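J.: One structure coming up, written as structure tokens, with questions to follow.
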Amino acid sequence: MTETDLSARCGAFIIRARTTRFPGDARYGLVATKKTFRHAVDRNRAKRVLRVWIRGNESWLDDGRDYVFIARPSILAWQHTDGMVAMKKALRYLRKQKIDGVPQQ
């Protein structure tokens, strides 16, 4: 990811987005680092929670972008509905942003 990439933050995660090199299919990656989550169980749970929240908001993913979702430690304490709302809000924010001066749809 470069400094021209878009980002959205909330208490449970950070989203980075950039224009894809393979248009027509939104791709995403999940990050839960060992530094942030010491135990593998917590890293796996953080990624599982992110996947659930992403699947619930897939309609907000832009096909022309690649996404990286970075889990923060507080994600393990968030409720399902709060996370879904936060994910929708962050993806809506990113959808309105411009990449390389071109407004996205």
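Following the order of the structure tokens, first chain is A, next is B, and so on, with residues numbered from 1 inside each chain and ligands from 1 in the order they appear.
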Which residues, written as an MDAnalysis selection string, have at least one atom at most 12 Å from Ser59 (chain A), with only C-alpha atoms counted and residues fewer than 2 positions away on the same chain left out?

T.: chainID A and resid 26 53:57 61:63 87:88 91:92 95

J.: Grab the residues selected above and save them as a CSV table (one decimal), in the first residue's frame with all heavy atoms.

T.:
chain,number,residue,atom,x,y,z
A,26,ALA,N,-13.8,-7.3,-6.8
A,26,ALA,CA,-13.2,-6.8,-5.6
A,26,ALA,C,-12.4,-7.9,-4.8
A,26,ALA,O,-12.9,-9.0,-4.6
A,26,ALA,CB,-14.2,-6.2,-4.7
A,53,TRP,N,-18.3,-9.6,9.1
A,53,TRP,CA,-18.7,-8.2,8.9
A,53,TRP,C,-18.5,-7.8,7.4
A,53,TRP,O,-19.4,-7.1,6.9
A,53,TRP,CB,-17.8,-7.3,9.8
A,53,TRP,CG,-18.1,-7.4,11.2
A,53,TRP,CD1,-19.1,-8.2,11.8
A,53,TRP,CD2,-17.3,-6.8,12.3
A,53,TRP,NE1,-19.0,-8.0,13.2
A,53,TRP,CE2,-17.9,-7.2,13.5
A,53,TRP,CE3,-16.2,-6.0,12.3
A,53,TRP,CZ2,-17.4,-6.8,14.7
A,53,TRP,CZ3,-15.7,-5.6,13.5
A,53,TRP,CH2,-16.3,-6.0,14.7
A,54,ILE,N,-17.5,-8.3,6.7
A,54,ILE,CA,-17.3,-8.0,5.3
A,54,ILE,C,-18.4,-8.7,4.5
A,54,ILE,O,-19.0,-8.1,3.6
A,54,ILE,CB,-15.9,-8.5,4.8
A,54,ILE,CG1,-14.9,-7.6,5.5
A,54,ILE,CG2,-15.9,-8.4,3.3
A,54,ILE,CD1,-13.5,-8.2,5.3
A,55,ARG,N,-18.7,-10.0,4.8
A,55,ARG,CA,-19.8,-10.6,4.0
A,55,ARG,C,-21.1,-10.0,4.2
A,55,ARG,O,-21.9,-9.9,3.3
A,55,ARG,CB,-19.9,-12.1,4.5
A,55,ARG,CG,-18.8,-13.0,3.9
A,55,ARG,CD,-19.0,-14.4,4.3
A,55,ARG,NE,-17.8,-15.1,4.0
A,55,ARG,CZ,-17.1,-15.9,4.9
A,55,ARG,NH1,-17.6,-16.0,6.1
A,55,ARG,NH2,-16.0,-16.5,4.6
A,56,GLY,N,-21.4,-9.4,5.4
A,56,GLY,CA,-22.6,-8.7,5.6
A,56,GLY,C,-22.7,-7.4,4.9
A,56,GLY,O,-23.8,-6.8,4.8
A,57,ASN,N,-21.6,-6.9,4.4
A,57,ASN,CA,-21.6,-5.6,3.7
A,57,ASN,C,-20.9,-5.6,2.4
A,57,ASN,O,-20.4,-4.7,1.9
A,57,ASN,CB,-20.8,-4.6,4.6
A,57,ASN,CG,-21.6,-4.2,5.9
A,57,ASN,OD1,-22.6,-3.5,5.8
A,57,ASN,ND2,-21.1,-4.6,7.0
A,61,LEU,N,-18.6,-3.0,-1.2
A,61,LEU,CA,-17.3,-3.2,-1.8
A,61,LEU,C,-17.3,-2.8,-3.2
A,61,LEU,O,-18.2,-3.2,-4.0
A,61,LEU,CB,-16.8,-4.6,-1.7
A,61,LEU,CG,-16.5,-5.2,-0.3
A,61,LEU,CD1,-16.1,-6.6,-0.3
A,61,LEU,CD2,-15.4,-4.4,0.4
A,62,ASP,N,-16.4,-1.9,-3.6
A,62,ASP,CA,-16.3,-1.4,-5.0
A,62,ASP,C,-15.5,-2.4,-5.8
A,62,ASP,O,-14.4,-2.8,-5.4
A,62,ASP,CB,-15.7,-0.1,-5.0
A,62,ASP,CG,-15.6,0.6,-6.4
A,62,ASP,OD1,-16.2,0.0,-7.3
A,62,ASP,OD2,-15.1,1.7,-6.5
A,63,ASP,N,-16.0,-2.9,-7.0
A,63,ASP,CA,-15.3,-3.9,-7.8
A,63,ASP,C,-14.0,-3.3,-8.4
A,63,ASP,O,-13.2,-4.1,-8.8
A,63,ASP,CB,-16.2,-4.3,-9.0
A,63,ASP,CG,-17.4,-5.2,-8.5
A,63,ASP,OD1,-17.3,-5.7,-7.4
A,63,ASP,OD2,-18.3,-5.3,-9.3
A,87,MET,N,-18.6,-1.3,9.9
A,87,MET,CA,-18.0,-1.7,8.6
A,87,MET,C,-18.8,-1.0,7.5
A,87,MET,O,-18.2,-0.5,6.5
A,87,MET,CB,-18.2,-3.2,8.5
A,87,MET,CG,-17.6,-3.8,7.2
A,87,MET,SD,-15.8,-3.6,7.0
A,87,MET,CE,-15.3,-4.8,8.2
A,88,LYS,N,-20.1,-0.9,7.6
A,88,LYS,CA,-20.9,-0.3,6.5
A,88,LYS,C,-20.5,1.2,6.4
A,88,LYS,O,-20.3,1.7,5.3
A,88,LYS,CB,-22.4,-0.4,6.9
A,88,LYS,CG,-23.3,0.2,5.8
A,88,LYS,CD,-24.7,0.0,6.2
A,88,LYS,CE,-25.6,0.7,5.1
A,88,LYS,NZ,-27.1,0.5,5.4
A,91,LEU,N,-17.0,1.5,4.8
A,91,LEU,CA,-17.1,1.2,3.3
A,91,LEU,C,-17.8,2.3,2.6
A,91,LEU,O,-17.4,2.6,1.4
A,91,LEU,CB,-17.7,-0.2,3.1
A,91,LEU,CG,-16.8,-1.3,3.6
A,91,LEU,CD1,-17.6,-2.6,3.4
A,91,LEU,CD2,-15.5,-1.4,2.8
A,92,ARG,N,-18.8,2.9,3.1
A,92,ARG,CA,-19.6,4.0,2.5
A,92,ARG,C,-18.6,5.2,2.4
A,92,ARG,O,-18.6,5.8,1.3
A,92,ARG,CB,-20.8,4.3,3.3
A,92,ARG,CG,-21.9,3.4,3.1
A,92,ARG,CD,-23.1,3.7,3.9
A,92,ARG,NE,-23.6,5.0,3.5
A,92,ARG,CZ,-24.5,5.7,4.2
A,92,ARG,NH1,-25.0,5.3,5.4
A,92,ARG,NH2,-24.9,6.9,3.8
A,95,ARG,N,-16.2,4.6,-0.4
A,95,ARG,CA,-16.8,4.6,-1.7
A,95,ARG,C,-17.0,6.0,-2.3
A,95,ARG,O,-16.9,6.3,-3.5
A,95,ARG,CB,-18.2,3.9,-1.7
A,95,ARG,CG,-18.9,3.8,-3.0
A,95,ARG,CD,-20.1,3.0,-2.9
A,95,ARG,NE,-19.8,1.7,-3.3
A,95,ARG,CZ,-20.7,0.8,-3.8
A,95,ARG,NH1,-22.0,1.1,-3.8
A,95,ARG,NH2,-20.4,-0.4,-4.1

J.: Write out as a list in words each polymer residue whose atoms come within 8 Å of Thr20 (chain A), counting only C-alpha atoms; drop sequence neighbours fewer than 6 positions from it.

T.: Ala26, Gly64, Arg65 and Asp66 of chain A

J.: Return the single residue from A:Leu94, A:Ala8, A:Val49, A:Leu30 that is closest to Ile70 (chain A), with distances computed using only C-alpha atoms.

T.: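 The closest residue to Ile70 (chain A) is A:Leu30.
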
J.: Which of chain A end up as helix (DSSP H, G or I) when DSSP is run on this backbone - answer as a PDB file with N, CA, C and O atoms, in the first residue's frame?

T.:
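After the write, out_30.pdb holds the following:
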ATOM      1  N   ALA A  40      -2.650 -17.314  18.799  1.00  0.00           N
ATOM      2  CA  ALA A  40      -3.217 -17.669  17.500  1.00  0.00           C
ATOM      3  C   ALA A  40      -4.746 -17.707  17.553  1.00  0.00           C
ATOM      4  O   ALA A  40      -5.412 -17.347  16.583  1.00  0.00           O
ATOM      5  N   VAL A  41      -5.292 -18.127  18.667  1.00  0.00           N
ATOM      6  CA  VAL A  41      -6.757 -18.183  18.815  1.00  0.00           C
ATOM      7  C   VAL A  41      -7.362 -16.794  18.624  1.00  0.00           C
ATOM      8  O   VAL A  41      -8.382 -16.629  17.948  1.00  0.00           O
ATOM      9  N   ASP A  42      -6.727 -15.786  19.202  1.00  0.00           N
ATOM     10  CA  ASP A  42      -7.226 -14.414  19.073  1.00  0.00           C
ATOM     11  C   ASP A  42      -7.051 -13.888  17.655  1.00  0.00           C
ATOM     12  O   ASP A  42      -7.932 -13.192  17.134  1.00  0.00           O
ATOM     13  N   ARG A  43      -5.919 -14.210  17.020  1.00  0.00           N
ATOM     14  CA  ARG A  43      -5.716 -13.784  15.624  1.00  0.00           C
ATOM     15  C   ARG A  43      -6.771 -14.406  14.724  1.00  0.00           C
ATOM     16  O   ARG A  43      -7.376 -13.728  13.884  1.00  0.00           O
ATOM     17  N   ASN A  44      -7.020 -15.696  14.897  1.00  0.00           N
ATOM     18  CA  ASN A  44      -8.019 -16.378  14.074  1.00  0.00           C
ATOM     19  C   ASN A  44      -9.414 -15.824  14.311  1.00  0.00           C
ATOM     20  O   ASN A  44     -10.188 -15.641  13.365  1.00  0.00           O
ATOM     21  N   ARG A  45      -9.745 -15.550  15.570  1.00  0.00           N
ATOM     22  CA  ARG A  45     -11.064 -14.997  15.888  1.00  0.00           C
ATOM     23  C   ARG A  45     -11.230 -13.609  15.277  1.00  0.00           C
ATOM     24  O   ARG A  45     -12.283 -13.294  14.720  1.00  0.00           O
ATOM     25  N   ALA A  46     -10.196 -12.780  15.340  1.00  0.00           N
ATOM     26  CA  ALA A  46     -10.260 -11.434  14.759  1.00  0.00           C
ATOM     27  C   ALA A  46     -10.519 -11.510  13.253  1.00  0.00           C
ATOM     28  O   ALA A  46     -11.358 -10.778  12.717  1.00  0.00           O
ATOM     29  N   LYS A  47      -9.809 -12.410  12.569  1.00  0.00           N
ATOM     30  CA  LYS A  47     -10.019 -12.551  11.121  1.00  0.00           C
ATOM     31  C   LYS A  47     -11.399 -13.118  10.811  1.00  0.00           C
ATOM     32  O   LYS A  47     -12.054 -12.694   9.851  1.00  0.00           O
ATOM     33  N   ARG A  48     -11.874 -14.051  11.637  1.00  0.00           N
ATOM     34  CA  ARG A  48     -13.209 -14.619  11.441  1.00  0.00           C
ATOM     35  C   ARG A  48     -14.285 -13.545  11.602  1.00  0.00           C
ATOM     36  O   ARG A  48     -15.221 -13.457  10.801  1.00  0.00           O
ATOM     37  N   VAL A  49     -14.138 -12.698  12.614  1.00  0.00           N
ATOM     38  CA  VAL A  49     -15.096 -11.605  12.842  1.00  0.00           C
ATOM     39  C   VAL A  49     -15.076 -10.636  11.664  1.00  0.00           C
ATOM     40  O   VAL A  49     -16.134 -10.227  11.170  1.00  0.00           O
ATOM     41  N   LEU A  50     -13.891 -10.277  11.186  1.00  0.00           N
ATOM     42  CA  LEU A  50     -13.799  -9.390  10.025  1.00  0.00           C
ATOM     43  C   LEU A  50     -14.494  -9.996   8.806  1.00  0.00           C
ATOM     44  O   LEU A  50     -15.220  -9.298   8.087  1.00  0.00           O
ATOM     45  N   ARG A  51     -14.287 -11.289   8.561  1.00  0.00           N
ATOM     46  CA  ARG A  51     -14.930 -11.948   7.412  1.00  0.00           C
ATOM     47  C   ARG A  51     -16.448 -11.866   7.500  1.00  0.00           C
ATOM     48  O   ARG A  51     -17.125 -11.606   6.504  1.00  0.00           O
ATOM     49  N   VAL A  52     -16.988 -12.093   8.694  1.00  0.00           N
ATOM     50  CA  VAL A  52     -18.442 -12.030   8.879  1.00  0.00           C
ATOM     51  C   VAL A  52     -18.947 -10.615   8.588  1.00  0.00           C
ATOM     52  O   VAL A  52     -19.950 -10.427   7.897  1.00  0.00           O
ATOM     53  N   TRP A  53     -18.259  -9.626   9.112  1.00  0.00           N
ATOM     54  CA  TRP A  53     -18.675  -8.233   8.895  1.00  0.00           C
ATOM     55  C   TRP A  53     -18.549  -7.843   7.421  1.00  0.00           C
ATOM     56  O   TRP A  53     -19.396  -7.123   6.892  1.00  0.00           O
ATOM     57  N   ILE A  54     -17.507  -8.339   6.741  1.00  0.00           N
ATOM     58  CA  ILE A  54     -17.329  -8.031   5.318  1.00  0.00           C
ATOM     59  C   ILE A  54     -18.439  -8.687   4.503  1.00  0.00           C
ATOM     60  O   ILE A  54     -19.032  -8.059   3.623  1.00  0.00           O
ATOM     61  N   ARG A  55     -18.734  -9.959   4.780  1.00  0.00           N
ATOM     62  CA  ARG A  55     -19.795 -10.647   4.031  1.00  0.00           C
ATOM     63  C   ARG A  55     -21.141  -9.963   4.204  1.00  0.00           C
ATOM     64  O   ARG A  55     -21.949  -9.932   3.277  1.00  0.00           O
ATOM     65  N   GLY A  56     -21.393  -9.422   5.368  1.00  0.00           N
ATOM     66  CA  GLY A  56     -22.642  -8.709   5.618  1.00  0.00           C
ATOM     67  C   GLY A  56     -22.725  -7.374   4.908  1.00  0.00           C
ATOM     68  O   GLY A  56     -23.803  -6.794   4.792  1.00  0.00           O
ATOM     69  N   GLU A  58     -20.963  -6.820   1.744  1.00  0.00           N
ATOM     70  CA  GLU A  58     -20.327  -6.997   0.430  1.00  0.00           C
ATOM     71  C   GLU A  58     -20.859  -6.039  -0.628  1.00  0.00           C
ATOM     72  O   GLU A  58     -20.131  -5.666  -1.539  1.00  0.00           O
ATOM     73  N   SER A  59     -22.085  -5.644  -0.502  1.00  0.00           N
ATOM     74  CA  SER A  59     -22.664  -4.741  -1.495  1.00  0.00           C
ATOM     75  C   SER A  59     -21.967  -3.382  -1.505  1.00  0.00           C
ATOM     76  O   SER A  59     -22.052  -2.649  -2.491  1.00  0.00           O
ATOM     77  N   TRP A  60     -21.254  -3.041  -0.433  1.00  0.00           N
ATOM     78  CA  TRP A  60     -20.553  -1.757  -0.355  1.00  0.00           C
ATOM     79  C   TRP A  60     -19.116  -1.844  -0.871  1.00  0.00           C
ATOM     80  O   TRP A  60     -18.436  -0.824  -0.980  1.00  0.00           O
ATOM     81  N   PRO A  73      -6.855  -4.500  18.380  1.00  0.00           N
ATOM     82  CA  PRO A  73      -7.107  -5.359  19.548  1.00  0.00           C
ATOM     83  C   PRO A  73      -8.542  -5.304  20.082  1.00  0.00           C
ATOM     84  O   PRO A  73      -9.073  -6.309  20.538  1.00  0.00           O
ATOM     85  N   SER A  74      -9.181  -4.165  19.989  1.00  0.00           N
ATOM     86  CA  SER A  74     -10.529  -4.027  20.552  1.00  0.00           C
ATOM     87  C   SER A  74     -11.598  -4.792  19.769  1.00  0.00           C
ATOM     88  O   SER A  74     -12.733  -4.919  20.240  1.00  0.00           O
ATOM     89  N   ILE A  75     -11.248  -5.331  18.599  1.00  0.00           N
ATOM     90  CA  ILE A  75     -12.233  -6.047  17.793  1.00  0.00           C
ATOM     91  C   ILE A  75     -12.825  -7.234  18.552  1.00  0.00           C
ATOM     92  O   ILE A  75     -13.986  -7.598  18.354  1.00  0.00           O
ATOM     93  N   LEU A  76     -12.044  -7.831  19.440  1.00  0.00           N
ATOM     94  CA  LEU A  76     -12.508  -9.008  20.174  1.00  0.00           C
ATOM     95  C   LEU A  76     -13.629  -8.676  21.156  1.00  0.00           C
ATOM     96  O   LEU A  76     -14.378  -9.566  21.552  1.00  0.00           O
ATOM     97  N   ALA A  77     -13.767  -7.406  21.528  1.00  0.00           N
ATOM     98  CA  ALA A  77     -14.790  -7.005  22.491  1.00  0.00           C
ATOM     99  C   ALA A  77     -16.039  -6.428  21.823  1.00  0.00           C
ATOM    100  O   ALA A  77     -17.040  -6.191  22.497  1.00  0.00           O
ATOM    101  N   HIS A  80     -21.556  -7.940  17.497  1.00  0.00           N
ATOM    102  CA  HIS A  80     -21.769  -8.201  16.071  1.00  0.00           C
ATOM    103  C   HIS A  80     -22.461  -7.020  15.374  1.00  0.00           C
ATOM    104  O   HIS A  80     -21.993  -6.552  14.328  1.00  0.00           O
ATOM    105  N   THR A  81     -23.545  -6.532  15.940  1.00  0.00           N
ATOM    106  CA  THR A  81     -24.305  -5.453  15.283  1.00  0.00           C
ATOM    107  C   THR A  81     -23.502  -4.157  15.216  1.00  0.00           C
ATOM    108  O   THR A  81     -23.563  -3.447  14.212  1.00  0.00           O
ATOM    109  N   ASP A  82     -22.737  -3.855  16.265  1.00  0.00           N
ATOM    110  CA  ASP A  82     -21.908  -2.649  16.249  1.00  0.00           C
ATOM    111  C   ASP A  82     -20.847  -2.739  15.162  1.00  0.00           C
ATOM    112  O   ASP A  82     -20.557  -1.755  14.471  1.00  0.00           O
ATOM    113  N   GLY A  83     -20.265  -3.896  15.001  1.00  0.00           N
ATOM    114  CA  GLY A  83     -19.256  -4.102  13.974  1.00  0.00           C
ATOM    115  C   GLY A  83     -19.823  -3.996  12.566  1.00  0.00           C
ATOM    116  O   GLY A  83     -19.178  -3.435  11.673  1.00  0.00           O
ATOM    117  N   MET A  84     -21.015  -4.543  12.377  1.00  0.00           N
ATOM    118  CA  MET A  84     -21.654  -4.456  11.057  1.00  0.00           C
ATOM    119  C   MET A  84     -21.920  -3.004  10.678  1.00  0.00           C
ATOM    120  O   MET A  84     -21.681  -2.590   9.540  1.00  0.00           O
ATOM    121  N   VAL A  85     -22.400  -2.226  11.635  1.00  0.00           N
ATOM    122  CA  VAL A  85     -22.689  -0.807  11.385  1.00  0.00           C
ATOM    123  C   VAL A  85     -21.396  -0.044  11.092  1.00  0.00           C
ATOM    124  O   VAL A  85     -21.335   0.766  10.159  1.00  0.00           O
ATOM    125  N   ALA A  86     -20.354  -0.302  11.872  1.00  0.00           N
ATOM    126  CA  ALA A  86     -19.073   0.374  11.668  1.00  0.00           C
ATOM    127  C   ALA A  86     -18.467   0.015  10.313  1.00  0.00           C
ATOM    128  O   ALA A  86     -17.910   0.879   9.622  1.00  0.00           O
ATOM    129  N   MET A  87     -18.570  -1.253   9.909  1.00  0.00           N
ATOM    130  CA  MET A  87     -18.041  -1.689   8.622  1.00  0.00           C
ATOM    131  C   MET A  87     -18.792  -0.996   7.478  1.00  0.00           C
ATOM    132  O   MET A  87     -18.183  -0.505   6.528  1.00  0.00           O
ATOM    133  N   LYS A  88     -20.108  -0.934   7.578  1.00  0.00           N
ATOM    134  CA  LYS A  88     -20.898  -0.273   6.546  1.00  0.00           C
ATOM    135  C   LYS A  88     -20.524   1.198   6.443  1.00  0.00           C
ATOM    136  O   LYS A  88     -20.329   1.729   5.346  1.00  0.00           O
ATOM    137  N   LYS A  89     -20.380   1.859   7.577  1.00  0.00           N
ATOM    138  CA  LYS A  89     -20.035   3.274   7.588  1.00  0.00           C
ATOM    139  C   LYS A  89     -18.664   3.503   6.955  1.00  0.00           C
ATOM    140  O   LYS A  89     -18.480   4.421   6.152  1.00  0.00           O
ATOM    141  N   ALA A  90     -17.676   2.661   7.279  1.00  0.00           N
ATOM    142  CA  ALA A  90     -16.327   2.805   6.725  1.00  0.00           C
ATOM    143  C   ALA A  90     -16.309   2.547   5.221  1.00  0.00           C
ATOM    144  O   ALA A  90     -15.660   3.282   4.469  1.00  0.00           O
ATOM    145  N   LEU A  91     -17.022   1.518   4.772  1.00  0.00           N
ATOM    146  CA  LEU A  91     -17.053   1.214   3.337  1.00  0.00           C
ATOM    147  C   LEU A  91     -17.795   2.294   2.555  1.00  0.00           C
ATOM    148  O   LEU A  91     -17.403   2.629   1.428  1.00  0.00           O
ATOM    149  N   ARG A  92     -18.850   2.851   3.135  1.00  0.00           N
ATOM    150  CA  ARG A  92     -19.553   3.962   2.483  1.00  0.00           C
ATOM    151  C   ARG A  92     -18.633   5.172   2.360  1.00  0.00           C
ATOM    152  O   ARG A  92     -18.622   5.849   1.331  1.00  0.00           O
ATOM    153  N   TYR A  93     -17.858   5.434   3.402  1.00  0.00           N
ATOM    154  CA  TYR A  93     -16.900   6.543   3.376  1.00  0.00           C
ATOM    155  C   TYR A  93     -15.886   6.341   2.252  1.00  0.00           C
ATOM    156  O   TYR A  93     -15.608   7.263   1.476  1.00  0.00           O
ATOM    157  N   LEU A  94     -15.328   5.135   2.142  1.00  0.00           N
ATOM    158  CA  LEU A  94     -14.340   4.858   1.103  1.00  0.00           C
ATOM    159  C   LEU A  94     -14.943   4.955  -0.288  1.00  0.00           C
ATOM    160  O   LEU A  94     -14.279   5.386  -1.231  1.00  0.00           O
ATOM    161  N   ARG A  95     -16.179   4.556  -0.432  1.00  0.00           N
ATOM    162  CA  ARG A  95     -16.832   4.592  -1.742  1.00  0.00           C
ATOM    163  C   ARG A  95     -16.962   6.026  -2.256  1.00  0.00           C
ATOM    164  O   ARG A  95     -16.914   6.274  -3.453  1.00  0.00           O
ATOM    165  N   LYS A  96     -17.103   6.968  -1.338  1.00  0.00           N
ATOM    166  CA  LYS A  96     -17.251   8.375  -1.720  1.00  0.00           C
ATOM    167  C   LYS A  96     -15.919   9.053  -2.038  1.00  0.00           C
ATOM    168  O   LYS A  96     -15.900  10.131  -2.616  1.00  0.00           O
TER     169      LYS A  96
END

J.: May I ask for the distance between CA of Gly29 (chain A) and CA of Ile14 (chain A), given in Å to one decimal place?

T.: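 Taking CA of Gly29 (chain A) as the start and CA of Ile14 (chain A) as the end point, the length is 11.8 Å.
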
J.: Mind pulling up the distance from CA of Thr19 (chain A) to CA of Thr36 (chain A)?

T.: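 So the answer is 27.4 Å.
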
J.: Suppose you want the space between CA of Ala71 (chain A) and CA of Asp25 (chain A); what is it in Å?

T.: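 Between CA of Ala71 (chain A) and CA of Asp25 (chain A) the gap works out to 22.8 Å.
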
J.: So which one's closest to Arg16 (chain A), A:Trp78, A:Thr4, A:Gln97, A:Tyr67? Using only C-alpha atoms, please.

T.: A:Tyr67
